[in-house]
Amino acid sequence: MDHVLVFDGATGTMLQAQGLPPGYCPDLWCLERPDAVAWVHRQYIEAGAQIIETNTFGATPIRLSHYGLQEKVREINIAAVRIAREAAAGRALVAASMGPLGALVEPLGDFPFDRAYAEFAAQAKALAEAGPDFIIIETIADLNELRAALLACRDHAPGIRRIAQITIDPTGRAFTGTDPETAALVLQSLGADVIGFNCSVGPDVLVSAVEKMARVARVPISAQPNAGLPLLQLDGTTTFPMGPAEFAAYGPKLVAAGASYVGGCCGTTPEHIRQLRAAVEGLRPRTAPGPLSQVLGLASRTQSLFFVDQNLPVAIGERINPTGRKLLTKDIKEGTFALVRKEAKQQVAAGAAVLDVNVGVPLIDEAAAMAKAVQVVQDTVPVPLCIDSADAAVLEAGLKAYVGKPLVNSFSLEEGRAERVLPMVKRYGAAVLGLTIDENGLPSSAKQRFEIAKRLVAAAESYGIPRWDVVIDPLALTAGAQQAQAAETLKAIRLIREELGCRMSLGISNISFGLPNRHFLNAVYLNMAMTAGLDMAIMNPNDERMMDTIRATRLFLNRDVNAREYMAVVGPKRLVHTEDEVLAKAEKAAGTAASAGKAAAPVTVSPAAQSGAPADPLGARLYSAILEGDKDGIMPLIEQGLAEGRAAMDMLNRYLIPAIEEVGRLFGEGTYFLPQLMLSAGAMKKAFARLKPELQKAKAGSAEIGTIVLATVQGDIHDIGKNIVAVLLENYGFKVIDLGRDVKNEVVVEEARKAGADLVGLSALMTTTMPQMKKVIEMFAAQGTDIPVLVGGAATTRAFAQQIGAAGYGRDAQEAVALALRLLEARKAAAQV
């Protein structure tokens, strides 16, 4: 691109100016009021917009089904593109808008990934028929939902350029924890032609986000911020604080940060776009690729690992592999995955930066096991994964389940292997490990392995996989049987690294098989391989000698600046990672948390505890299960506690409640993100459901401390945040009456009255529906009903809550729960006076 392109601004508020009623389906106006939709497009084109977006933000079947319009997906999308084309009349390009589904996609929620894909595919098919210039996937905060949308567009609208925009919050991350670098790495690897951000925040936040994304991007970047955060006026209208001049002043800053496309989202008008166009006129976008754009990078949902010198060599943990391990085989075969989770935690604690996942157990559904293992490990640790199987179907199951950019282990030139593996590597945007094996097996000389490596790279590149995403493993043979091959492998590493420039990997432990003192031999060979140019080692990170070798190498090559990593790990504060040490750490945390619990609650103290013995191991595991969101592991622990005669209230107050409170604290400080919060809340919900009848049996009274009615306000169909709050409130003992989304004001008031509610919680994501909150509060006041109303949602603010007379504002789910507890306590105290 030799010049910056300018998008249009907000559509919803413009349609409202044309008479769109609150709560009405905006997309339907493409059929009922095409003149009004065309008028909006023309206003932006006349203001200087070079790309206009279609009125199809909610035109997937699931979103249209809220209005009974799911059968009109094709008709609405085709009409929308036609209206935009006619309005543009050759003066602007057309981008077809594809918005979020309004449901949490698994594993964050219960909405299946395949169904999410099908929803987006239905819209993509219609848009392919209509033929816009772009499909713009926007206002989505969940990386997995973006994956589903991109795959659907690639499959069903392959000739149309794809723009993928994630939405972030003021912290600079998506509320699911994804940072700009990770978003860039994953989205461009999945085939997005343009990547970027829109909505939720103003341009001030996006300048920094674009700058970070540009370090990784090899495709253009787009930025469509809001005109600041919304303010509700006394007359019920919503305004945005950033005027056209202030908004436009950020245009050059966004371009300087790396944006090639700029525009507006909520609160922006044709005047904002007119001044933005003038501000960026004549500016040239960056053309040089970012410094990390052509570097091997792997990513989980929340963090990326780039294979640059300061991060090398990388330890890839090999312990999630059932070969020769009876207990792990049993764990995988029975589907418990408790040991898989344990191995993941221990390896990362020991220093592994990537984890290899292999579930090759005979006579099981290995594809299903791989999908489950990938989910469990991603739920447990934040590092990227290496998906390992000889079966292509198993690899694909793991790739589909993985949220991020993994490494695939592996492909070779054995008959049919590359043809089965490489297409799925390309489809899911992964990197791939190639073994120097061809039709004749593993050659003995380094030169022959180099020739195979050249063919491996060429095969990957023929499928559109860039060279930097291909890792070569020349294979280490056991020195006990083929001693000369140890040196030949080192020669191959050096030759392939120098001639092809590929990153090099090696499975280290095989070199010492059958020989005594294996830990020593492995460490020595690892050192020799790193000297030859090895970039990553598939190894046991629990072997301290091996990890110390890596840390020492990083120190002496000046990659560990000031020896910070070495001293932090090997010095006086050495990390713990043995099984006993991990358990002791968990026990200490549980004991500390329990001592800070509710002093008024009756607690049964065991004789062991009275005698001053260490913290109860079962209690430590209960605490840890909630902290880690182990939904599968929590129930056996609860049953064990009940079988041992432990009081339900004891387990709840000593371990479970302190653990969920710690989760809230970690979420509040930005250590945990939405995935961890949801997993922990789910584990707590399962535990609480099992303990609830036990509490009632013990005549402890109802576990419900109060009643709260929740609703997404009239005209708003976004309820993800509300659903999270509902789960947490139930965990804290509230009876939650969830009225759902798009709830009429009078229904909220009536249901709260019928339930004798102590509190009411209202949620709104759309700025156009925020005034409904004020109307509900006014309806309660008119009836003389003194029920505190809490408000929250992405568009709301504390100032807004005060302005409309709400009892309080919850910035996030944990803050909303804390507010509800305070208001309930105050309400009960007032009732006793």
# chains A, B, ... in the order shown; residues from 1 in each chain; ligands from 1

$ select_by_dssp --residues "segment 336-482 of chain A" --states "alpha helix (DSSP H)" --output "ChimeraX atom specification"
/A:338-350,366-380,392-401,417-427,446-462

$ residues_around --residues "segment 725-738 of chain A" --least-positions-apart "2" --cutoff "7 Å" --atoms "only C-alpha atoms" --output "ChimeraX atom specification"
/A:681,684-685,688,703-711,721-723,740,813,817

$ write_last_selection --atoms "N, CA, C and O atoms" --output "short mmCIF file (atom, residue, chain, number, x, y, z; two decimals), in the first residue's frame"
data_model
loop_
_atom_site.label_atom_id
_atom_site.label_comp_id
_atom_site.auth_asym_id
_atom_site.auth_seq_id
_atom_site.Cartn_x
_atom_site.Cartn_y
_atom_site.Cartn_z
N ALA A 681 -14.48 -20.63 38.16
CA ALA A 681 -15.89 -20.48 38.51
C ALA A 681 -16.66 -21.76 38.22
O ALA A 681 -17.53 -22.17 38.99
N MET A 684 -15.81 -24.28 40.90
CA MET A 684 -16.47 -23.89 42.14
C MET A 684 -17.96 -24.21 42.07
O MET A 684 -18.56 -24.68 43.05
N LYS A 685 -18.55 -23.99 40.92
CA LYS A 685 -19.99 -24.25 40.77
C LYS A 685 -20.29 -25.74 40.96
O LYS A 685 -21.27 -26.12 41.63
N PHE A 688 -19.85 -26.56 44.66
CA PHE A 688 -20.92 -25.98 45.47
C PHE A 688 -22.22 -26.76 45.28
O PHE A 688 -22.97 -27.00 46.24
N ALA A 703 -28.26 -22.36 51.63
CA ALA A 703 -26.98 -21.74 51.29
C ALA A 703 -27.18 -20.39 50.60
O ALA A 703 -26.20 -19.69 50.35
N GLU A 704 -28.41 -20.06 50.27
CA GLU A 704 -28.67 -18.82 49.55
C GLU A 704 -28.70 -17.64 50.52
O GLU A 704 -29.46 -17.63 51.48
N ILE A 705 -27.85 -16.66 50.27
CA ILE A 705 -27.75 -15.52 51.18
C ILE A 705 -28.65 -14.37 50.76
O ILE A 705 -28.88 -13.45 51.55
N GLY A 706 -29.13 -14.41 49.53
CA GLY A 706 -30.00 -13.36 49.04
C GLY A 706 -30.40 -13.64 47.61
O GLY A 706 -29.87 -14.56 46.98
N THR A 707 -31.34 -12.87 47.09
CA THR A 707 -31.85 -13.07 45.73
C THR A 707 -31.51 -11.88 44.86
O THR A 707 -31.72 -10.73 45.26
N ILE A 708 -30.97 -12.15 43.68
CA ILE A 708 -30.65 -11.10 42.73
C ILE A 708 -31.23 -11.46 41.37
O ILE A 708 -31.17 -12.62 40.94
N VAL A 709 -31.86 -10.50 40.72
CA VAL A 709 -32.40 -10.66 39.38
C VAL A 709 -31.43 -10.02 38.40
O VAL A 709 -31.02 -8.87 38.58
N LEU A 710 -31.02 -10.78 37.38
CA LEU A 710 -30.08 -10.29 36.36
C LEU A 710 -30.77 -10.22 35.00
O LEU A 710 -31.61 -11.06 34.67
N ALA A 711 -30.37 -9.25 34.19
CA ALA A 711 -30.92 -9.13 32.85
C ALA A 711 -30.01 -8.28 31.98
O ALA A 711 -29.38 -7.32 32.46
N GLY A 721 -20.93 -11.22 29.53
CA GLY A 721 -20.52 -10.68 30.82
C GLY A 721 -21.52 -10.99 31.91
O GLY A 721 -21.15 -11.36 33.03
N LYS A 722 -22.79 -10.86 31.60
CA LYS A 722 -23.84 -11.15 32.58
C LYS A 722 -23.78 -12.61 33.00
O LYS A 722 -23.95 -12.93 34.20
N ASN A 723 -23.54 -13.49 32.07
CA ASN A 723 -23.48 -14.92 32.40
C ASN A 723 -22.31 -15.22 33.34
O ASN A 723 -22.42 -16.08 34.22
N GLY A 740 -32.21 -13.42 31.20
CA GLY A 740 -31.70 -13.54 29.84
C GLY A 740 -31.33 -12.21 29.24
O GLY A 740 -30.96 -11.26 29.94
N ALA A 813 -16.55 -8.78 36.48
CA ALA A 813 -17.38 -9.73 37.21
C ALA A 813 -17.04 -9.76 38.70
O ALA A 813 -17.93 -9.78 39.55
N VAL A 817 -19.51 -8.77 41.93
CA VAL A 817 -19.83 -9.65 43.05
C VAL A 817 -19.52 -8.97 44.37
O VAL A 817 -20.33 -9.01 45.32
#

$ atom_distance --atom1 "atom CA of Val471 of chain A" --atom2 "atom CA of Arg162 of chain A"
28.0 Å

$ closest_residue --among "A:Met773, A:Ala299, A:Leu339, A:Val6" --to "Glu281 of chain A" --atoms "only C-alpha atoms"
A:Val6

$ residues_around --residues "Pro170 of chain A" --least-positions-apart "6" --cutoff "12 Å" --atoms "only C-alpha atoms" --output "short mmCIF file (atom, residue, chain, number, x, y, z; two decimals) with all heavy atoms, in the first residue's frame"
data_model
loop_
_atom_site.label_atom_id
_atom_site.label_comp_id
_atom_site.auth_asym_id
_atom_site.auth_seq_id
_atom_site.Cartn_x
_atom_site.Cartn_y
_atom_site.Cartn_z
N ASP A 179 -2.94 -10.68 24.00
CA ASP A 179 -2.22 -9.43 23.80
C ASP A 179 -2.05 -9.15 22.31
O ASP A 179 -2.28 -10.03 21.47
CB ASP A 179 -0.85 -9.51 24.49
CG ASP A 179 0.00 -10.64 23.94
OD1 ASP A 179 0.66 -10.45 22.91
OD2 ASP A 179 -0.02 -11.73 24.55
N CYS A 199 -13.38 -0.94 18.30
CA CYS A 199 -14.35 -0.81 19.39
C CYS A 199 -13.71 -0.83 20.77
O CYS A 199 -12.49 -0.89 20.93
CB CYS A 199 -15.42 -1.89 19.28
SG CYS A 199 -16.98 -1.44 20.08
N SER A 200 -14.56 -0.69 21.80
CA SER A 200 -14.24 -0.81 23.23
C SER A 200 -13.40 0.32 23.81
O SER A 200 -13.63 0.74 24.94
CB SER A 200 -13.58 -2.15 23.54
OG SER A 200 -14.48 -3.20 23.30
N VAL A 201 -12.39 0.80 23.09
CA VAL A 201 -11.50 1.82 23.64
C VAL A 201 -11.33 2.95 22.63
O VAL A 201 -11.67 2.83 21.45
CB VAL A 201 -10.12 1.24 24.01
CG1 VAL A 201 -10.25 0.24 25.14
CG2 VAL A 201 -9.46 0.60 22.80
N GLY A 202 -10.76 4.05 23.12
CA GLY A 202 -10.47 5.18 22.25
C GLY A 202 -9.15 5.04 21.53
O GLY A 202 -8.37 4.09 21.77
N PRO A 203 -8.81 5.99 20.67
CA PRO A 203 -7.57 5.89 19.88
C PRO A 203 -6.31 5.98 20.72
O PRO A 203 -5.26 5.48 20.31
CB PRO A 203 -7.68 7.08 18.93
CG PRO A 203 -8.61 8.04 19.59
CD PRO A 203 -9.59 7.20 20.34
N ASP A 204 -6.39 6.58 21.92
CA ASP A 204 -5.21 6.68 22.76
C ASP A 204 -4.69 5.30 23.14
O ASP A 204 -3.47 5.05 23.14
CB ASP A 204 -5.52 7.50 24.02
CG ASP A 204 -6.79 7.04 24.73
OD1 ASP A 204 -7.63 6.37 24.10
OD2 ASP A 204 -6.96 7.38 25.92
N VAL A 205 -5.61 4.37 23.46
CA VAL A 205 -5.20 3.00 23.81
C VAL A 205 -4.69 2.25 22.58
O VAL A 205 -3.73 1.48 22.65
CB VAL A 205 -6.37 2.23 24.46
CG1 VAL A 205 -5.99 0.77 24.73
CG2 VAL A 205 -6.79 2.91 25.76
N LEU A 206 -5.32 2.50 21.43
CA LEU A 206 -4.97 1.74 20.23
C LEU A 206 -3.62 2.13 19.64
O LEU A 206 -3.01 1.32 18.94
CB LEU A 206 -6.06 1.89 19.17
CG LEU A 206 -7.37 1.15 19.44
CD1 LEU A 206 -8.20 1.05 18.16
CD2 LEU A 206 -7.12 -0.24 20.00
N VAL A 207 -3.12 3.33 19.92
CA VAL A 207 -1.80 3.69 19.40
C VAL A 207 -0.75 2.72 19.91
O VAL A 207 0.06 2.18 19.14
CB VAL A 207 -1.45 5.14 19.79
CG1 VAL A 207 0.03 5.43 19.48
CG2 VAL A 207 -2.32 6.13 19.04
N SER A 208 -0.76 2.47 21.20
CA SER A 208 0.20 1.53 21.78
C SER A 208 -0.03 0.12 21.28
O SER A 208 0.92 -0.62 20.98
CB SER A 208 0.10 1.57 23.31
OG SER A 208 0.90 0.58 23.90
N ALA A 209 -1.30 -0.29 21.17
CA ALA A 209 -1.62 -1.64 20.71
C ALA A 209 -1.15 -1.86 19.28
O ALA A 209 -0.61 -2.92 18.94
CB ALA A 209 -3.11 -1.89 20.85
N PRO A 225 -11.04 2.87 16.38
CA PRO A 225 -11.39 3.08 17.79
C PRO A 225 -12.73 3.78 17.96
O PRO A 225 -13.29 4.35 17.01
CB PRO A 225 -10.26 3.98 18.28
CG PRO A 225 -9.83 4.74 17.06
CD PRO A 225 -10.02 3.81 15.90
N GLY A 228 -13.79 7.59 22.37
CA GLY A 228 -13.75 7.56 23.82
C GLY A 228 -14.83 6.66 24.38
O GLY A 228 -15.53 5.95 23.64
N LEU A 229 -15.01 6.67 25.72
CA LEU A 229 -16.06 5.88 26.37
C LEU A 229 -17.33 6.70 26.50
O LEU A 229 -17.28 7.91 26.71
CB LEU A 229 -15.57 5.39 27.73
CG LEU A 229 -14.42 4.39 27.69
CD1 LEU A 229 -13.95 4.06 29.10
CD2 LEU A 229 -14.83 3.12 26.96
N GLY A 670 -4.60 -8.69 37.00
CA GLY A 670 -4.17 -8.98 35.63
C GLY A 670 -3.29 -10.20 35.49
O GLY A 670 -2.73 -10.44 34.42
N ALA A 794 -19.59 -3.46 28.95
CA ALA A 794 -18.43 -2.81 28.35
C ALA A 794 -18.63 -1.32 28.10
O ALA A 794 -17.68 -0.54 28.18
CB ALA A 794 -18.07 -3.51 27.03
N ARG A 811 -17.10 -2.91 37.38
CA ARG A 811 -16.20 -2.80 36.23
C ARG A 811 -15.97 -4.15 35.57
O ARG A 811 -15.81 -4.27 34.37
CB ARG A 811 -14.86 -2.21 36.69
CG ARG A 811 -13.83 -2.05 35.59
CD ARG A 811 -12.57 -1.40 36.15
NE ARG A 811 -12.00 -2.18 37.24
CZ ARG A 811 -11.15 -3.19 37.06
NH1 ARG A 811 -10.79 -3.55 35.84
NH2 ARG A 811 -10.67 -3.85 38.10
#

$ closest_residue --among "A:Ile51, A:Ile804, A:Leu143, A:Val186" --to "Arg427 of chain A" --atoms "only C-alpha atoms"
A:Val186

$ residues_around --residues "Gln347 of chain A" --least-positions-apart "4" --cutoff "8 Å" --atoms "only C-alpha atoms" --output "count of residues only"
10

$ residues_around --residues "Arg518 of chain A" --least-positions-apart "5" --cutoff "12 Å" --atoms "only C-alpha atoms" --output "mmCIF file with C-alpha atoms, in the first residue's frame"
data_model
loop_
_atom_site.group_PDB
_atom_site.id
_atom_site.type_symbol
_atom_site.label_atom_id
_atom_site.label_comp_id
_atom_site.auth_asym_id
_atom_site.auth_seq_id
_atom_site.Cartn_x
_atom_site.Cartn_y
_atom_site.Cartn_z
ATOM 1 C CA THR A 478 21.384 -44.019 20.612
ATOM 2 C CA ALA A 479 25.132 -43.796 21.078
ATOM 3 C CA GLY A 480 25.131 -47.179 22.802
ATOM 4 C CA ILE A 508 17.874 -35.431 23.438
ATOM 5 C CA SER A 509 17.082 -38.382 25.700
ATOM 6 C CA ASN A 510 17.410 -41.024 22.965
ATOM 7 C CA ILE A 511 21.157 -40.442 22.715
ATOM 8 C CA SER A 512 21.837 -42.152 26.070
ATOM 9 C CA PHE A 513 19.399 -45.058 25.840
ATOM 10 C CA ALA A 523 23.467 -32.890 29.514
ATOM 11 C CA VAL A 524 26.843 -33.196 27.783
ATOM 12 C CA TYR A 525 25.265 -33.998 24.420
ATOM 13 C CA LEU A 526 22.786 -31.143 24.812
ATOM 14 C CA ASN A 540 12.740 -33.716 30.423
ATOM 15 C CA ASP A 543 16.206 -32.986 34.949
ATOM 16 C CA ARG A 545 21.314 -30.884 35.079
ATOM 17 C CA MET A 546 19.726 -30.391 31.649
#

$ residues_around --residues "Thr712 of chain A" --least-positions-apart "2" --cutoff "6 Å" --atoms "only C-alpha atoms" --output "JSON, numbers by chain"
{"A": [741, 742, 762, 763, 764]}

$ write_last_selection --atoms "C-alpha atoms" --output "mmCIF file, in the first residue's frame"
data_model
loop_
_atom_site.group_PDB
_atom_site.id
_atom_site.type_symbol
_atom_site.label_atom_id
_atom_site.label_comp_id
_atom_site.auth_asym_id
_atom_site.auth_seq_id
_atom_site.Cartn_x
_atom_site.Cartn_y
_atom_site.Cartn_z
ATOM 1 C CA ARG A 741 -31.061 -10.893 27.216
ATOM 2 C CA ASP A 742 -33.141 -8.239 25.486
ATOM 3 C CA LEU A 762 -28.464 -4.872 34.580
ATOM 4 C CA SER A 763 -25.961 -5.328 31.747
ATOM 5 C CA ALA A 764 -25.498 -3.456 28.460
#

$ atom_distance --atom1 "atom CA of Ala126 of chain A" --atom2 "atom CA of Ala59 of chain A"
10.1 Å

$ residues_around --residues "Leu254 of chain A" --least-positions-apart "5" --cutoff "12 Å" --atoms "only C-alpha atoms" --output "JSON, numbers by chain"
{"A": [4, 6, 196, 197, 202, 203, 204, 205, 206, 207, 208, 209, 210, 211, 212, 213, 214, 221, 222, 223, 224, 225, 247, 248, 249, 259, 260, 261, 262, 263, 276, 279, 280, 283, 284, 285, 286]}

$ select_by_dssp --residues "segment 269-499 of chain A" --states "strand (DSSP E)" --output "ChimeraX atom specification"
/A:297-299,304-306,314-320,354-357,385-388,407-411,431-435,470-473

$ closest_atom_pairs --of "segment 651-743 of chain A" --to "segment 21-45 of chain A" --cutoff "8 Å" --atoms "only C-alpha atoms" --output "JSON lines"
{"residue": "A:Gln714", "atom": "CA", "partner": "A:Gly23", "partner_atom": "CA", "distance": 6.2}
{"residue": "A:Gly715", "atom": "CA", "partner": "A:Gly23", "partner_atom": "CA", "distance": 3.3}
{"residue": "A:Asp716", "atom": "CA", "partner": "A:Gly23", "partner_atom": "CA", "distance": 6.7}
{"residue": "A:Asp742", "atom": "CA", "partner": "A:Gly23", "partner_atom": "CA", "distance": 7.5}

$ closest_residue --among "A:Tyr428, A:Phe134, A:Tyr67, A:Phe175" --to "Ala148 of chain A" --atoms "only C-alpha atoms"
A:Tyr428

$ closest_residue --among "A:Asp632, A:Glu106, A:Glu661, A:Glu75" --to "Tyr402 of chain A" --atoms "only C-alpha atoms"
A:Glu106

$ decode --residues "segment 464-475 of chain A" --atoms "N, CA and C atoms" --output "PDB file, in the first residue's frame"
ATOM      1  N   GLY A 464       2.439 -23.336   1.032  1.00  0.00           N
ATOM      2  CA  GLY A 464       2.282 -21.981   1.537  1.00  0.00           C
ATOM      3  C   GLY A 464       2.752 -21.790   2.959  1.00  0.00           C
ATOM      4  N   ILE A 465       3.528 -22.742   3.487  1.00  0.00           N
ATOM      5  CA  ILE A 465       4.078 -22.624   4.834  1.00  0.00           C
ATOM      6  C   ILE A 465       5.453 -21.976   4.718  1.00  0.00           C
ATOM      7  N   PRO A 466       5.656 -20.810   5.329  1.00  0.00           N
ATOM      8  CA  PRO A 466       6.940 -20.121   5.162  1.00  0.00           C
ATOM      9  C   PRO A 466       8.086 -20.876   5.825  1.00  0.00           C
ATOM     10  N   ARG A 467       9.276 -20.655   5.315  1.00  0.00           N
ATOM     11  CA  ARG A 467      10.449 -21.373   5.798  1.00  0.00           C
ATOM     12  C   ARG A 467      10.672 -21.181   7.299  1.00  0.00           C
ATOM     13  N   TRP A 468      10.386 -19.964   7.782  1.00  0.00           N
ATOM     14  CA  TRP A 468      10.642 -19.732   9.207  1.00  0.00           C
ATOM     15  C   TRP A 468       9.714 -20.536  10.113  1.00  0.00           C
ATOM     16  N   ASP A 469       8.632 -21.087   9.563  1.00  0.00           N
ATOM     17  CA  ASP A 469       7.730 -21.927  10.345  1.00  0.00           C
ATOM     18  C   ASP A 469       8.052 -23.420  10.219  1.00  0.00           C
ATOM     19  N   VAL A 470       9.180 -23.742   9.603  1.00  0.00           N
ATOM     20  CA  VAL A 470       9.602 -25.140   9.456  1.00  0.00           C
ATOM     21  C   VAL A 470      10.816 -25.382  10.354  1.00  0.00           C
ATOM     22  N   VAL A 471      10.691 -26.335  11.255  1.00  0.00           N
ATOM     23  CA  VAL A 471      11.773 -26.717  12.169  1.00  0.00           C
ATOM     24  C   VAL A 471      12.288 -28.087  11.718  1.00  0.00           C
ATOM     25  N   ILE A 472      13.578 -28.252  11.694  1.00  0.00           N
ATOM     26  CA  ILE A 472      14.168 -29.516  11.242  1.00  0.00           C
ATOM     27  C   ILE A 472      14.766 -30.274  12.426  1.00  0.00           C
ATOM     28  N   ASP A 473      14.464 -31.572  12.497  1.00  0.00           N
ATOM     29  CA  ASP A 473      15.028 -32.468  13.513  1.00  0.00           C
ATOM     30  C   ASP A 473      15.820 -33.552  12.785  1.00  0.00           C
ATOM     31  N   PRO A 474      17.177 -33.529  12.881  1.00  0.00           N
ATOM     32  CA  PRO A 474      17.990 -34.533  12.172  1.00  0.00           C
ATOM     33  C   PRO A 474      18.081 -35.864  12.911  1.00  0.00           C
ATOM     34  N   LEU A 475      17.435 -35.955  14.071  1.00  0.00           N
ATOM     35  CA  LEU A 475      17.268 -37.185  14.842  1.00  0.00           C
ATOM     36  C   LEU A 475      18.580 -37.667  15.492  1.00  0.00           C
TER      37      LEU A 475
END
